[in-house]
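Visitor: Got a file for you: final.txt, compact mmCIF, C-alpha atoms.
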```txt
# COMPACT_ATOMS: atom_id res chain seq x y z
CA MET M 1134 -4.04 -8.66 12.81
CA LYS M 1135 -0.86 -10.30 11.56
CA ILE M 1136 1.31 -7.58 10.09
CA LEU M 1137 4.68 -7.95 8.40
CA LEU M 1138 6.94 -4.89 8.38
CA ALA M 1139 9.80 -4.95 5.90
CA VAL M 1140 12.64 -2.71 7.05
CA ASP M 1141 16.03 -1.75 5.68
CA GLY M 1142 17.07 1.15 7.89
CA SER M 1143 16.43 3.72 5.17
CA LEU M 1144 14.45 6.94 5.36
CA TYR M 1145 11.37 4.92 4.38
CA THR M 1146 11.76 2.67 7.39
CA ARG M 1147 11.74 5.74 9.63
CA ARG M 1148 8.63 7.03 7.88
CA MET M 1149 7.00 3.64 8.33
CA LEU M 1150 7.57 3.66 12.08
CA ALA M 1151 6.38 7.27 12.25
CA PHE M 1152 3.16 6.25 10.50
CA VAL M 1153 2.54 3.40 12.94
CA ALA M 1154 3.31 5.60 15.94
CA ALA M 1155 1.08 8.42 14.71
CA HIS M 1156 -2.05 6.28 14.73
CA ASP M 1157 -3.09 4.69 17.98
CA GLU M 1158 -5.16 2.02 16.31
CA TRP M 1159 -2.02 0.49 14.79
CA LEU M 1160 -0.56 0.03 18.25
CA GLY M 1161 -1.92 -2.22 20.95
CA ALA M 1162 -2.00 -5.89 21.66
CA ARG M 1163 -4.53 -6.95 19.04
CA HIS M 1164 -1.86 -6.73 16.35
CA HIS M 1165 1.03 -9.04 15.98
CA TYR M 1166 3.98 -7.54 14.22
CA THR M 1167 6.80 -9.38 12.56
CA VAL M 1168 9.72 -7.25 11.42
CA ILE M 1169 11.79 -8.61 8.57
CA HIS M 1170 15.07 -7.44 7.17
CA CYS M 1171 16.83 -9.02 4.22
CA VAL M 1172 20.58 -9.21 4.00
CA ALA M 1173 22.21 -9.47 0.61
CA PRO M 1174 24.52 -12.48 0.44
CA LEU M 1175 28.26 -11.90 0.08
CA PRO M 1176 29.80 -12.80 -3.27
CA HIS M 1177 30.60 -16.51 -3.28
CA ARG M 1178 34.31 -16.01 -3.36
CA ALA M 1179 34.33 -13.59 -0.46
CA ALA M 1180 32.16 -15.94 1.60
CA ALA M 1181 34.36 -18.93 0.73
CA PHE M 1182 37.54 -17.04 1.54
CA GLU M 1183 36.34 -15.77 4.88
CA GLY M 1184 34.70 -18.98 5.94
CA LEU M 1185 31.18 -19.76 7.02
CA ASP M 1186 31.44 -18.42 10.58
CA VAL M 1187 32.74 -15.04 9.51
CA ALA M 1188 30.13 -14.75 6.81
CA GLN M 1189 27.37 -15.69 9.25
CA ARG M 1190 28.61 -13.16 11.78
CA PHE M 1191 28.71 -10.54 9.07
CA TYR M 1192 25.08 -11.26 8.17
CA ASP M 1193 23.96 -11.19 11.78
CA ASP M 1194 25.77 -7.91 12.47
CA ASP M 1195 24.36 -6.35 9.36
CA ALA M 1196 20.82 -7.39 10.27
CA GLU M 1197 21.18 -6.32 13.88
CA ALA M 1198 22.35 -2.84 12.85
CA VAL M 1199 19.09 -2.39 10.94
CA LEU M 1200 16.81 -4.18 13.39
CA ARG M 1201 18.11 -2.63 16.62
CA PRO M 1202 16.46 0.80 16.20
CA VAL M 1203 13.21 -0.91 15.22
CA ARG M 1204 13.44 -3.17 18.29
CA GLU M 1205 13.90 -0.08 20.44
CA PHE M 1206 10.91 1.56 18.80
CA PHE M 1207 8.68 -1.42 19.60
CA ARG M 1208 9.96 -1.57 23.16
CA ALA M 1209 9.22 2.13 23.62
CA GLN M 1210 5.69 1.58 22.31
CA ASP M 1211 5.26 -1.40 24.63
CA LEU M 1212 4.57 -3.72 21.71
CA VAL M 1213 5.63 -7.30 21.25
CA ALA M 1214 7.13 -8.08 17.89
CA THR M 1215 9.05 -10.88 16.27
CA PHE M 1216 12.25 -9.99 14.47
CA VAL M 1217 13.66 -12.04 11.64
CA HIS M 1218 16.33 -11.62 9.09
CA GLU M 1219 16.59 -13.49 5.87
CA LEU M 1220 19.43 -14.01 3.47
CA GLY M 1221 18.84 -13.46 -0.21
CA SER M 1222 17.08 -11.24 -2.68
CA ALA M 1223 14.95 -8.86 -0.59
CA GLY M 1224 11.98 -8.81 -2.97
CA GLU M 1225 11.76 -12.56 -3.24
CA ARG M 1226 12.30 -13.29 0.44
CA ILE M 1227 9.81 -10.69 1.66
CA ALA M 1228 7.15 -11.95 -0.75
CA ALA M 1229 7.81 -15.57 0.25
CA VAL M 1230 7.56 -14.82 3.99
CA ALA M 1231 4.42 -12.70 3.51
CA GLU M 1232 2.71 -15.51 1.62
CA SER M 1233 3.84 -18.48 3.66
CA GLY M 1234 3.37 -16.76 7.03
CA GLY M 1235 -0.28 -15.96 6.36
CA TYR M 1236 0.15 -12.25 6.95
CA GLU M 1237 -2.88 -10.04 6.48
CA LEU M 1238 -0.87 -6.95 5.65
CA LEU M 1239 2.61 -6.18 4.46
CA VAL M 1240 4.03 -2.74 5.15
CA LEU M 1241 6.80 -1.74 2.81
CA GLY M 1242 8.75 1.38 1.88
CA SER M 1243 8.15 2.50 -1.68
CA HIS M 1244 11.92 2.80 -2.04
CA GLY M 1245 14.92 1.63 -0.12
CA HIS M 1246 18.54 2.60 0.04
CA GLY M 1247 19.13 2.28 -3.64
CA ALA M 1248 16.39 4.69 -4.55
CA LEU M 1249 16.43 6.52 -7.79
CA ALA M 1250 14.29 9.44 -6.84
CA ASN M 1251 12.38 9.52 -10.10
CA LEU M 1252 11.35 5.90 -10.07
CA THR M 1253 7.75 5.40 -9.11
CA LEU M 1254 8.61 2.31 -7.15
CA GLY M 1255 11.86 0.89 -5.93
CA SER M 1256 13.07 -2.43 -7.24
CA VAL M 1257 12.25 -4.34 -4.06
CA ALA M 1258 8.70 -2.99 -3.90
CA THR M 1259 8.19 -3.81 -7.57
CA LYS M 1260 9.33 -7.36 -7.05
CA VAL M 1261 7.24 -7.87 -3.93
CA LEU M 1262 4.13 -6.60 -5.69
CA ALA M 1263 4.76 -8.99 -8.54
CA LEU M 1264 5.29 -11.99 -6.30
CA CYS M 1265 2.74 -11.84 -3.53
CA ARG M 1266 -0.98 -11.50 -3.13
CA THR M 1267 -0.88 -10.02 0.35
CA PRO M 1268 -2.22 -6.45 0.46
CA VAL M 1269 0.70 -4.04 0.59
CA LEU M 1270 0.80 -0.72 2.38
CA LEU M 1271 3.42 1.35 0.61
CA ILE M 1272 5.01 4.07 2.68
CA ARG M 1273 6.38 6.88 0.61
CA MET H 663 -8.20 5.79 10.25
CA LYS H 664 -9.63 7.89 7.45
CA MET H 665 -9.42 6.02 4.20
CA LEU H 666 -9.78 7.29 0.70
CA VAL H 667 -10.75 4.37 -1.52
CA ALA H 668 -10.58 4.77 -5.29
CA THR H 669 -13.31 2.87 -7.10
CA ASP H 670 -13.82 2.21 -10.77
CA GLY H 671 -16.23 -0.68 -10.55
CA SER H 672 -13.50 -3.24 -11.28
CA LYS H 673 -13.01 -6.46 -9.35
CA ALA H 674 -9.79 -5.21 -7.81
CA ALA H 675 -11.53 -2.05 -6.63
CA LEU H 676 -14.18 -4.12 -4.86
CA HIS H 677 -11.45 -6.20 -3.28
CA ALA H 678 -9.97 -2.93 -2.08
CA VAL H 679 -13.29 -1.90 -0.52
CA ARG H 680 -13.69 -5.26 1.20
CA TYR H 681 -10.17 -5.04 2.53
CA ALA H 682 -10.79 -1.50 3.80
CA VAL H 683 -13.79 -2.87 5.74
CA LYS H 684 -11.68 -5.68 7.18
CA LEU H 685 -8.92 -3.26 8.13
CA ILE H 686 -11.34 -0.94 9.89
CA GLY H 687 -12.63 -3.93 11.84
CA GLU H 688 -9.13 -5.02 12.78
CA LEU H 689 -8.02 -1.56 13.77
CA ALA H 690 -11.15 -1.20 15.91
CA SER H 691 -11.04 2.56 16.05
CA LYS H 692 -14.18 4.58 16.40
CA ALA H 693 -13.04 7.39 14.14
CA SER H 694 -12.72 5.28 11.02
CA SER H 695 -14.43 6.27 7.83
CA VAL H 696 -14.25 5.62 4.14
CA THR H 697 -14.52 8.10 1.32
CA LEU H 698 -15.12 6.54 -2.06
CA ILE H 699 -13.85 8.41 -5.05
CA SER H 700 -14.84 7.72 -8.62
CA VAL H 701 -13.27 9.66 -11.45
CA HIS H 702 -14.08 9.51 -15.13
CA ASP H 703 -11.81 10.90 -17.76
CA ASP H 704 -13.68 13.32 -20.00
CA ALA H 705 -10.74 14.05 -22.30
CA GLY H 706 -11.99 11.66 -24.97
CA LEU H 707 -15.46 13.14 -24.91
CA ARG H 708 -14.65 16.57 -26.29
CA HIS H 709 -16.48 15.91 -29.54
CA ALA H 710 -19.45 14.52 -27.70
CA LYS H 711 -19.50 17.67 -25.57
CA ALA H 712 -19.50 19.88 -28.65
CA PHE H 713 -22.32 17.83 -30.09
CA VAL H 714 -24.70 17.28 -27.17
CA GLY H 715 -23.47 19.92 -24.73
CA SER H 716 -21.18 19.49 -21.76
CA SER H 717 -23.95 19.17 -19.19
CA VAL H 718 -25.27 16.04 -20.92
CA VAL H 719 -21.78 14.53 -20.88
CA ALA H 720 -21.32 15.48 -17.23
CA ASP H 721 -24.64 13.84 -16.34
CA TYR H 722 -23.67 10.74 -18.25
CA LEU H 723 -20.34 10.46 -16.44
CA ARG H 724 -21.96 11.08 -13.08
CA GLU H 725 -24.43 8.32 -13.82
CA LEU H 726 -21.57 5.99 -14.74
CA SER H 727 -19.77 6.80 -11.49
CA GLU H 728 -22.86 6.24 -9.40
CA LYS H 729 -23.45 2.89 -11.05
CA GLU H 730 -19.88 1.87 -10.31
CA LEU H 731 -20.10 3.06 -6.73
CA LYS H 732 -23.23 1.07 -5.97
CA PRO H 733 -21.64 -2.34 -5.20
CA ALA H 734 -18.95 -0.63 -3.13
CA ARG H 735 -21.56 1.24 -1.11
CA LYS H 736 -23.49 -1.97 -0.59
CA ILE H 737 -20.41 -3.58 0.99
CA LEU H 738 -19.87 -0.56 3.26
CA ASP H 739 -23.54 -0.38 4.23
CA ALA H 740 -23.60 -4.07 5.09
CA ALA H 741 -20.56 -3.62 7.33
CA ARG H 742 -21.98 -0.40 8.80
CA VAL H 743 -18.92 1.59 7.92
CA LYS H 744 -19.42 5.33 7.81
CA HIS H 745 -18.79 6.54 4.29
CA ASP H 746 -19.31 9.27 1.77
CA MET H 747 -18.46 9.60 -1.89
CA VAL H 748 -16.83 12.00 -4.25
CA VAL H 749 -17.50 12.00 -7.98
CA ARG H 750 -15.17 13.89 -10.26
CA THR H 751 -14.36 14.19 -13.91
CA GLY H 752 -10.89 14.80 -15.25
CA HIS H 753 -7.57 13.04 -15.31
CA ILE H 754 -8.08 10.02 -13.05
CA ALA H 755 -4.76 9.85 -11.20
CA THR H 756 -4.53 13.64 -10.87
CA GLU H 757 -7.99 13.92 -9.33
CA ILE H 758 -7.35 11.07 -6.88
CA VAL H 759 -4.04 12.57 -5.76
CA ALA H 760 -5.56 16.06 -5.50
CA LEU H 761 -8.14 14.75 -3.03
CA ALA H 762 -5.50 12.74 -1.16
CA LYS H 763 -3.56 16.00 -0.77
CA SER H 764 -6.46 17.68 1.04
CA GLY H 765 -5.03 16.39 4.30
CA LYS H 766 -8.26 14.72 5.35
CA TYR H 767 -7.07 11.17 4.80
CA ASP H 768 -4.56 8.88 6.47
CA VAL H 769 -4.28 6.31 3.74
CA LEU H 770 -5.22 5.86 0.11
CA VAL H 771 -6.57 2.45 -0.85
CA LEU H 772 -6.33 1.26 -4.45
CA GLY H 773 -6.99 -1.87 -6.41
CA ALA H 774 -3.68 -2.90 -7.94
CA LYS H 775 -5.32 -3.11 -11.35
CA GLY H 776 -8.34 -1.29 -12.59
CA ARG H 777 -10.68 -1.64 -15.51
CA SER H 778 -8.33 -0.97 -18.35
CA ALA H 779 -5.34 -2.94 -17.17
CA VAL H 780 -3.46 -5.05 -19.64
CA ALA H 781 -3.24 -8.59 -18.33
CA ASP H 782 0.51 -8.76 -17.94
CA LEU H 783 0.92 -5.39 -16.31
CA LEU H 784 1.92 -5.68 -12.71
CA LEU H 785 0.28 -2.43 -11.68
CA GLY H 786 -2.42 -0.60 -13.53
CA SER H 787 -1.54 2.72 -15.10
CA VAL H 788 -3.67 4.63 -12.61
CA ALA H 789 -2.05 2.89 -9.65
CA GLN H 790 1.38 3.70 -11.07
CA ARG H 791 0.65 7.37 -11.56
CA VAL H 792 -0.99 7.67 -8.17
CA LEU H 793 1.96 5.96 -6.48
CA ALA H 794 4.36 8.38 -8.10
CA THR H 795 2.67 11.44 -6.64
CA ALA H 796 0.59 10.35 -3.62
CA PRO H 797 1.30 12.42 -0.52
CA ILE H 798 0.07 9.67 1.87
CA PRO H 799 0.73 5.94 2.24
CA VAL H 800 -0.91 3.86 -0.47
CA LEU H 801 -2.50 0.49 0.26
CA LEU H 802 -2.53 -1.73 -2.82
CA VAL H 803 -4.99 -4.60 -2.86
CA LYS H 804 -4.82 -7.31 -5.50
```
Now, as a test, write the supplied structure out as structure tokens.
Guide:
Amino acid sequence: MKILLAVDGSLYTRRMLAFVAAHDEWLGARHHYTVIHCVAPLPHRAAAFEGLDVAQRFYDDDAEAVLRPVREFFRAQDLVATFVHELGSAGERIAAVAESGGYELLVLGSHGHGALANLTLGSVATKVLALCRTPVLLIR
Amino acid sequence: MKMLVATDGSKAALHAVRYAVKLIGELASKASSVTLISVHDDAGLRHAKAFVGSSVVADYLRELSEKELKPARKILDAARVKHDMVVRTGHIATEIVALAKSGKYDVLVLGAKGRSAVADLLLGSVAQRVLATAPIPVLLVK
């Protein structure tokens, strides 16, 4: 099965990996995982001031900091996964990748870093649900 | 994977059942099973209860639930997925979450919109309430 995991390094990302690890049937070679992390773009002026290279390096570093622990998790589980990072609004990018990549399941945290504890759903999850038709497994 | 699938006879709920079947196939684990839950709210039927007696109302709601569960069971039977069903009356989201809390299930599967959803609502009211309080991961199927 083609599965897209949306990660942001928050508590919900850790819970997501714990869920996958806790159930053997989610591991194994019959699944193909893609892990996606979205980086918020720098304000235009900051990006222009620093230059394209610096901005790009900033984005890559930011993404790698989030993706590295997930990469290690997959390596420890002996699973092959593809890692991507996208620049832009997380909700929109995740939904776009889920739809265009033909994923059969999207796994998403119900909240992210910016969680207001009393919100039913975080802003990213809300947006993703509005924008894509892929079934979504919400980890809370 | 033990799945609790909430059913209300809506299109989205049947999509959810079909997806649960697909997921069980993909996960290829022997210990998979589905529990269907159907809940009817009896809060609006207080007058009816006073008039015809609560057992008549309970029978009526059970009948409704069984009718709604039929197409879902057909799908599961055809796919030879082991399943059972739970029929409850009460507050819909509360009853679903109460069963999800029993610890017997790995994931709760819901149609994103149920029977009474307003067209421009992103998530049905039941899905929203369940999401707010569910103790296990929730799989939303559109």
Visitor: Leaving out Pro1202 in chain M and any residue of its chain fewer than 6 positions from it, which residues lie within 10 Å of it when counting all atoms listed in the file, given as a PyMOL selection string?
Guide: chain M and resi 1142+1147+1208
Visitor: How would you write as a tab-separated table (two decimals) with C-alpha atoms, keeping the file's coordinate frame the residues that get within 12 Å of (-22.8, 12.9, -9.8) in the file's frame, counting only C-alpha atoms?
Guide:
```tsv
chain	number	residue	atom	x	y	z
H	699	ILE	CA	-13.85	8.41	-5.05
H	700	SER	CA	-14.84	7.72	-8.62
H	701	VAL	CA	-13.27	9.66	-11.45
H	702	HIS	CA	-14.08	9.51	-15.13
H	717	SER	CA	-23.95	19.17	-19.19
H	718	VAL	CA	-25.27	16.04	-20.92
H	719	VAL	CA	-21.78	14.53	-20.88
H	720	ALA	CA	-21.32	15.48	-17.23
H	721	ASP	CA	-24.64	13.84	-16.34
H	722	TYR	CA	-23.67	10.74	-18.25
H	723	LEU	CA	-20.34	10.46	-16.44
H	724	ARG	CA	-21.96	11.08	-13.08
H	725	GLU	CA	-24.43	8.32	-13.82
H	726	LEU	CA	-21.57	5.99	-14.74
H	727	SER	CA	-19.77	6.80	-11.49
H	728	GLU	CA	-22.86	6.24	-9.40
H	729	LYS	CA	-23.45	2.89	-11.05
H	730	GLU	CA	-19.88	1.87	-10.31
H	731	LEU	CA	-20.10	3.06	-6.73
H	747	MET	CA	-18.46	9.60	-1.89
H	748	VAL	CA	-16.83	12.00	-4.25
H	749	VAL	CA	-17.50	12.00	-7.98
H	750	ARG	CA	-15.17	13.89	-10.26
H	751	THR	CA	-14.36	14.19	-13.91
```
Visitor: Mind checking which residues fall within 10 Å of Lys744 in chain H, counting all atoms listed in the file, ignoring those fewer than 2 positions away in the same chain, and posting them as JSON, numbers by chain?
Guide: {"H": [693, 694, 695, 696, 697, 738, 739, 741, 742, 746]}
Visitor: Do you have, as a tab-separated table, the list of residues of chain H lying at most 6 Å from chain M, each with its nearest atom pair and that distance in Å to one decimal, counting all atoms listed in the file and ordered by chain then number?
Guide:
```
residue	atom	partner	partner_atom	distance
H:Leu689	CA	M:Glu1158	CA	5.2
H:Ser691	CA	M:Glu1158	CA	5.9
H:Ala794	CA	M:Thr1253	CA	4.6
H:Pro799	CA	M:Ile1272	CA	4.7
H:Val800	CA	M:Leu1271	CA	5.1
H:Leu801	CA	M:Leu1270	CA	4.1
H:Leu802	CA	M:Val1269	CA	5.2
H:Val803	CA	M:Pro1268	CA	4.7
```
Visitor: Could you take the residues named above and write them with C-alpha atoms, as a compact mmCIF listing (two decimals), in the frame of the given file?
Guide:
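What ended up in again.txt:
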```txt
# COMPACT_ATOMS: atom_id res chain seq x y z
CA LEU H 689 -8.02 -1.56 13.77
CA SER H 691 -11.04 2.56 16.05
CA ALA H 794 4.36 8.38 -8.10
CA PRO H 799 0.73 5.94 2.24
CA VAL H 800 -0.91 3.86 -0.47
CA LEU H 801 -2.50 0.49 0.26
CA LEU H 802 -2.53 -1.73 -2.82
CA VAL H 803 -4.99 -4.60 -2.86
```
Visitor: Rank H:Met665, H:Ala675, H:Gly752, H:Ala690 by their smallest atom-to-atom distance to Ala789 in chain H, using only C-alpha atoms, and report the top residue only.
Guide: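 For Ala789 in chain H, the nearest of the candidates is H:Ala675.
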Visitor: Separation of CA of Asp670 in chain H and CA of Val788 in chain H, in Å?
Guide: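 Interatomic distance, CA of Asp670 in chain H to CA of Val788 in chain H: 10.6 Å.
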Visitor: So which residues are close to (-5.0, -2.3, -7.9), meaning at most 8 Å away in the file's coordinates with all atoms listed in the file counted, and can you show them as a list in words?
Guide: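 Here is the list of nearby residues: Ala674, Ala675, Ala678, Leu772, Gly773, Ala774, Lys775, Gly776, Leu785, Gly786, Ala789, Leu802, Val803 and Lys804 of chain H.
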Visitor: The selected residues should be written to file as a short mmCIF file (atom, residue, chain, number, x, y, z; two decimals), in the coordinates of the input (atoms: C-alpha atoms).
Guide:
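Produced file part-v8.cif, reproduced below:
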```cif
data_model
loop_
_atom_site.label_atom_id
_atom_site.label_comp_id
_atom_site.auth_asym_id
_atom_site.auth_seq_id
_atom_site.Cartn_x
_atom_site.Cartn_y
_atom_site.Cartn_z
CA ALA H 674 -9.79 -5.21 -7.81
CA ALA H 675 -11.53 -2.05 -6.63
CA ALA H 678 -9.97 -2.93 -2.08
CA LEU H 772 -6.33 1.26 -4.45
CA GLY H 773 -6.99 -1.87 -6.41
CA ALA H 774 -3.68 -2.90 -7.94
CA LYS H 775 -5.32 -3.11 -11.35
CA GLY H 776 -8.34 -1.29 -12.59
CA LEU H 785 0.28 -2.43 -11.68
CA GLY H 786 -2.42 -0.60 -13.53
CA ALA H 789 -2.05 2.89 -9.65
CA LEU H 802 -2.53 -1.73 -2.82
CA VAL H 803 -4.99 -4.60 -2.86
CA LYS H 804 -4.82 -7.31 -5.50
#
```
Visitor: Residues at most 10 Å from Phe1206 in chain M, counting all atoms listed in the file, excluding those fewer than 4 positions away in the same chain, as a VMD selection string?
Guide: chain M and resid 1150 to 1151 1154 1200 to 1202 1210 to 1212
Visitor: Write out as a count of residues only the residues lying within 7 Å of Ala1196 in chain M, counting only C-alpha atoms and excluding same-chain residues fewer than 5 positions away.
Guide: 3
Visitor: What is the CA of Ala712 in chain H to CA of His753 in chain H distance in Å?
Guide: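 CA of His753 in chain H lies 19.2 Å from CA of Ala712 in chain H.
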Visitor: Give the padded box for range 1263-1273 of chain M as lines of an AutoDock Vina configuration file: axis-aligned, covering all atoms listed in the file, 8 Å on each side, centre and edge lengths in Å to one decimal.
Guide:
```
center_x = 2.1
center_y = -2.6
center_z = -2.9
size_x = 24.6
size_y = 34.9
size_z = 27.2
```
Visitor: Excluding same-chain residues fewer than 4 positions from Ala762 in chain H, what lies within 8 Å of it counting all atoms listed in the file, as a PyMOL selection string?
Guide: chain H and resi 666+758+766-767+770+796-798
Visitor: Given the choices M:Ile1136, M:Ala1209, M:Leu1175, M:Val1168, which gets closest to Glu1197 in chain M if the distance is worked out from only C-alpha atoms?
Guide: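 Of M:Ile1136, M:Ala1209, M:Leu1175, M:Val1168, the one nearest Glu1197 in chain M is M:Val1168, counting only C-alpha atoms.
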Visitor: So, counting only C-alpha atoms, which residue among M:Ala1229, M:Val1153, M:Leu1144, M:Ile1169 is closest to Thr1215 in chain M?
Guide: M:Ile1169
Visitor: Would you mind telling me which residue in H:Ala755, H:Ala734, H:Leu761, H:Val792 lies nearest to Val679 in chain H when using only C-alpha atoms?
Guide: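 For Val679 in chain H, the nearest of the given residues is H:Ala734.
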Visitor: Can you measure CA of Asp1193 in chain M to CA of Ala1179 in chain M for me? One decimal in Å is fine.
Guide: 16.2 Å
Visitor: Pick out the closest residue to Val1140 in chain M from this set: M:Pro1176, M:Gly1255, M:Gly1245, M:Gly1221. Count only C-alpha atoms.
Guide: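 When distances to Val1140 in chain M are compared using only C-alpha atoms, the smallest one comes from M:Gly1245.
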